[in-house]
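Student: As input, take entry.txt (compact mmCIF, C-alpha atoms):
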```txt
# COMPACT_ATOMS: atom_id res chain seq x y z
CA MET D 164 -16.90 15.72 -119.91
CA THR D 165 -14.73 13.50 -122.13
CA PHE D 166 -11.19 14.58 -123.09
CA ASP D 167 -10.48 14.23 -126.81
CA PRO D 168 -6.68 14.09 -127.35
CA ALA D 169 -7.10 14.59 -131.11
CA TYR D 170 -8.60 18.02 -130.39
CA ASN D 171 -5.29 19.17 -128.92
CA GLU D 172 -2.98 17.85 -131.61
CA PRO D 173 -1.95 20.52 -134.11
CA GLU D 174 -1.47 19.86 -137.78
CA GLN D 175 2.23 19.65 -138.56
CA THR D 176 4.36 20.18 -141.62
CA GLU D 177 8.08 19.64 -142.01
CA VAL D 178 10.28 22.75 -142.20
CA LEU D 179 13.99 22.25 -142.81
CA VAL D 180 16.18 24.30 -140.46
CA CYS D 181 19.88 25.07 -140.89
CA ALA D 182 22.36 27.02 -138.78
CA VAL D 183 24.18 29.87 -140.53
CA ASP D 184 27.28 28.92 -138.53
CA PRO D 185 27.57 25.16 -137.91
CA ALA D 186 29.50 25.91 -134.69
CA HIS D 187 26.36 27.52 -133.22
CA PRO D 188 23.32 25.24 -132.99
CA VAL D 189 19.96 26.38 -134.29
CA GLN D 190 17.79 28.00 -131.64
CA LEU D 191 14.29 27.75 -133.06
CA ARG D 192 11.65 26.08 -130.89
CA TYR D 193 8.19 26.42 -129.44
CA ALA D 194 8.20 27.42 -125.76
CA HIS D 195 4.97 25.57 -124.95
CA ALA D 196 2.76 22.94 -126.53
CA GLY D 197 0.09 24.67 -128.59
CA ASP D 198 2.10 27.87 -129.20
CA ALA D 199 1.56 29.31 -132.68
CA GLY D 200 4.91 31.10 -132.74
CA ALA D 201 8.36 29.51 -132.42
CA ASP D 202 10.87 31.70 -130.61
CA LEU D 203 13.52 33.43 -132.71
CA SER D 204 16.66 34.32 -130.75
CA ALA D 205 19.41 36.84 -131.29
CA ALA D 206 22.67 35.41 -132.62
CA GLU D 207 24.61 38.53 -131.66
CA HIS D 208 24.97 41.20 -128.99
CA VAL D 209 22.73 44.20 -129.77
CA GLU D 210 22.16 47.46 -127.92
CA LEU D 211 19.15 49.55 -128.90
CA LYS D 212 19.12 53.10 -127.58
CA PRO D 213 15.77 54.93 -127.36
CA PHE D 214 14.14 55.10 -130.81
CA GLU D 215 17.05 53.21 -132.39
CA ARG D 216 16.52 50.29 -134.75
CA ALA D 217 18.72 47.39 -135.82
CA LEU D 218 18.54 44.40 -138.13
CA VAL D 219 19.28 41.53 -135.75
CA HIS D 220 20.80 38.24 -136.94
CA THR D 221 19.20 35.00 -135.72
CA GLY D 222 21.70 32.53 -137.15
CA VAL D 223 18.82 30.51 -138.63
CA ARG D 224 17.91 29.63 -142.21
CA ILE D 225 14.79 27.68 -143.15
CA ALA D 226 13.25 26.00 -146.19
CA LEU D 227 9.49 26.33 -146.21
CA PRO D 228 7.42 24.02 -148.41
CA ALA D 229 5.55 25.56 -151.34
CA GLY D 230 2.26 27.03 -150.17
CA TYR D 231 3.62 28.17 -146.79
CA VAL D 232 4.87 31.51 -145.47
CA GLY D 233 6.82 32.41 -142.34
CA LEU D 234 5.53 35.46 -140.49
CA VAL D 235 7.83 37.19 -137.99
CA HIS D 236 5.78 38.67 -135.15
CA PRO D 237 6.81 40.77 -132.14
CA ARG D 238 6.99 39.15 -128.71
CA SER D 239 4.23 40.62 -126.57
CA GLY D 240 6.38 40.68 -123.42
CA LEU D 241 9.13 42.70 -125.13
CA ALA D 242 6.59 45.15 -126.48
CA ALA D 243 4.69 45.61 -123.22
CA LYS D 244 7.61 45.59 -120.79
CA GLN D 245 10.45 47.14 -122.78
CA GLY D 246 8.85 48.91 -125.73
CA VAL D 247 10.66 46.77 -128.32
CA THR D 248 8.80 45.60 -131.40
CA VAL D 249 9.38 44.24 -134.89
CA LEU D 250 9.53 47.22 -137.24
CA ASN D 251 7.71 45.68 -140.22
CA ALA D 252 5.41 43.39 -138.24
CA PRO D 253 4.67 40.89 -139.39
CA GLY D 254 7.76 40.33 -141.48
CA THR D 255 7.28 37.93 -144.39
CA ILE D 256 9.54 34.98 -145.20
CA ASP D 257 8.62 33.55 -148.59
CA ALA D 258 8.86 29.83 -149.29
CA GLY D 259 11.66 30.39 -151.82
CA TYR D 260 13.93 32.38 -149.45
CA ARG D 261 16.92 30.44 -148.13
CA GLY D 262 18.93 33.18 -146.44
CA GLU D 263 19.31 33.97 -142.76
CA ILE D 264 16.23 35.16 -140.92
CA MET D 265 16.96 38.66 -139.67
CA VAL D 266 14.61 40.70 -137.50
CA PRO D 267 14.29 44.51 -137.73
CA LEU D 268 13.77 45.60 -134.12
CA ILE D 269 13.04 49.09 -132.82
CA ASN D 270 13.19 50.40 -129.27
CA LEU D 271 10.20 52.68 -128.75
CA ASP D 272 11.04 53.41 -125.10
CA ALA D 273 11.95 57.10 -124.81
CA GLU D 274 14.30 56.63 -121.84
CA HIS D 275 15.91 53.20 -121.67
CA THR D 276 18.49 51.36 -123.75
CA VAL D 277 17.64 47.69 -124.33
CA VAL D 278 20.38 45.06 -124.57
CA PHE D 279 20.06 41.66 -126.23
CA LYS D 280 22.64 38.92 -125.79
CA PRO D 281 23.07 35.91 -128.06
CA GLY D 282 20.28 33.46 -127.21
CA ASP D 283 17.79 36.11 -126.03
CA ARG D 284 14.36 35.65 -127.57
CA ILE D 285 13.55 38.60 -129.86
CA ALA D 286 10.55 37.60 -132.03
CA GLN D 287 8.21 34.78 -132.97
CA LEU D 288 8.02 32.82 -136.22
CA VAL D 289 4.53 31.71 -137.23
CA ILE D 290 4.24 29.29 -140.18
CA GLN D 291 1.01 29.54 -142.18
CA ARG D 292 -0.45 28.20 -145.38
CA TYR D 293 -1.37 30.73 -148.01
CA VAL D 294 -3.31 30.85 -151.23
CA GLU D 295 -1.61 32.17 -154.34
CA ALA D 296 -4.06 34.47 -156.10
CA ARG D 297 -4.68 34.53 -159.81
CA PHE D 298 -5.34 38.19 -160.55
CA VAL D 299 -8.04 38.69 -163.19
CA PRO D 300 -8.50 42.10 -164.84
CA ALA D 301 -12.06 43.40 -164.54
CA GLY D 302 -13.81 46.52 -165.82
CA ALA D 303 -15.90 46.75 -162.65
CA LEU D 304 -16.18 44.96 -159.32
CA PRO D 305 -19.29 43.33 -157.86
CA GLY D 306 -21.09 45.26 -155.12
CA SER D 307 -20.77 44.57 -151.39
CA ASP D 308 -22.24 45.83 -148.11
CA ARG D 309 -19.10 47.87 -147.41
CA ALA D 310 -18.54 49.16 -150.96
CA GLU D 311 -15.79 51.81 -151.00
CA ARG D 312 -16.12 52.94 -147.37
CA GLY D 313 -12.63 52.66 -145.84
CA PHE D 314 -10.87 53.78 -142.67
CA GLY D 315 -13.29 54.28 -139.79
CA SER D 316 -16.32 53.26 -141.83
CA THR D 317 -17.56 50.81 -139.19
CA GLY D 318 -17.48 53.36 -136.37
CA VAL D 319 -15.25 53.96 -133.37
```
Please express the file's structure as structure tokens.
Tutor:
Amino acid sequence: MTFDPAYNEPEQTEVLVCAVDPAHPVQLRYAHAGDAGADLSAAEHVELKPFERALVHTGVRIALPAGYVGLVHPRSGLAAKQGVTVLNAPGTIDAGYRGEIMVPLINLDAEHTVVFKPGDRIAQLVIQRYVEARFVPAGALPGSDRAERGFGSTGV
């Protein structure tokens, strides 16, 4: 079998990154080659008691090009091992937003408090292209196989 290096090279786009506090360097990077999500880290000490939530500062601001969106996803290890997830997953960062990325975390563990220190990885940032829709008023919609069948319509 022949190895094709082009197959393993992701498409890239430039995203400008800026620290909120110039004294603290930006901590936004991919952990491994081929990862879809770049790690977002806490910029502050946070304690989450059971069922408590907090808006956690990352110390990072970005400028996305037009046509791109940043999606903040939970980290699977935090969710599975500690019961911590992103409250509005995925969070949306619009291309025009220039403020600090903040992550709403919630501790869903009924018994244990979770502590994050500055530099601890708390979420993932996935950058994706999007299509801006042009909404067109219509008196009726064309038919489809699914029609108006909603939740649970495809079975269990």
Student: So which residues touch D:Pro228 within 12 Å, counting all atoms listed in the file, skipping near sequence neighbours fewer than 5 positions away, as a ChimeraX atom specification?
Tutor: /D:175-180,233,256-261,290-293
Student: Smallest atom-to-atom distance to D:Pro213: which of D:Ala273, D:Val183, D:Val299, D:Val189, using all atoms listed in the file?
Tutor: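 Residue with the minimum atom-to-atom distance to D:Pro213: D:Ala273.
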Student: So how far away is atom CA of D:Ala205 from atom CA of D:Pro188, in Å?
Tutor: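 Separation between atom CA of D:Pro188 and atom CA of D:Ala205: 12.4 Å.
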Student: State, in Å with one decimal place, the distance from atom CA of D:Gln190 to atom CA of D:Met265.
Tutor: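 Going from atom CA of D:Gln190 over to atom CA of D:Met265, I get 13.4 Å.
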Student: If you count all atoms listed in the file, which residues fall within 7 Å of D:Thr221, apart from same-chain ones fewer than 2 positions away, as a PyMOL selection string?
Tutor: chain D and resi 203-206+219+223+264-265
Student: Could you dump the residues just selected with C-alpha atoms as a PDB file, in the coordinates of the input?
Tutor:
```pdb
ATOM      1  CA  LEU D 203      13.520  33.430-132.710  1.00  0.00           C
ATOM      2  CA  SER D 204      16.660  34.320-130.750  1.00  0.00           C
ATOM      3  CA  ALA D 205      19.410  36.840-131.290  1.00  0.00           C
ATOM      4  CA  ALA D 206      22.670  35.410-132.620  1.00  0.00           C
ATOM      5  CA  VAL D 219      19.280  41.530-135.750  1.00  0.00           C
ATOM      6  CA  VAL D 223      18.820  30.510-138.630  1.00  0.00           C
ATOM      7  CA  ILE D 264      16.230  35.160-140.920  1.00  0.00           C
ATOM      8  CA  MET D 265      16.960  38.660-139.670  1.00  0.00           C
TER       9      MET D 265
END
```
Student: Using all atoms listed in the file, which of the listed residues (D:Leu304, D:Glu295, D:Glu311, D:Leu271) sits closest to D:Gly230?
Tutor: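 The closest residue to D:Gly230 is D:Glu295.
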Student: One decimal, Å: what's the distance from atom CA of D:Ala194 over to atom CA of D:Asp283, could you say?
Tutor: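 Atom CA of D:Asp283 lies 12.9 Å from atom CA of D:Ala194.
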Student: Give the answer as one residue: which of D:Phe279, D:Tyr193, D:Phe314, D:Tyr231 has the shortest atom-to-atom distance to D:Val294, using only C-alpha atoms?
Tutor: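 Between D:Phe279, D:Tyr193, D:Phe314, D:Tyr231, the residue approaching D:Val294 most closely is D:Tyr231.
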Student: Given all atoms listed in the file as the basis, pick out the residue of D:Asp202, D:Glu263, D:Glu174, D:Glu274 nearest to D:His220.
Tutor: D:Glu263
Student: May I ask which of the residues D:Lys280, D:His275, D:Arg312, D:Arg297 is the closest one to D:His208, counting all atoms listed in the file?
Tutor: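 For D:His208, the nearest of the given residues is D:Lys280.
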Student: In the coordinates of the file, take the point (14.3, 49.6, -129.1) and a cut-off of 8 Å; then, counting all atoms listed in the file, name each qualifying protein, DNA or RNA residue as a PyMOL selection string.
Tutor: chain D and resi 211-216+245-248+268-272+276-277
Student: May I ask which of the residues D:Val266, D:Ala199, D:Gln287, D:Val209 is the closest one to D:His236, counting all atoms listed in the file?
Tutor: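 Counting all atoms listed in the file, the residue closest to D:His236 is D:Gln287.
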Student: Using only C-alpha atoms, which protein or nucleic acid residues come within 8 Å of D:Pro237? Drop anything in the same chain fewer than 2 positions from it, and give the result as a count of residues only.
Tutor: 11
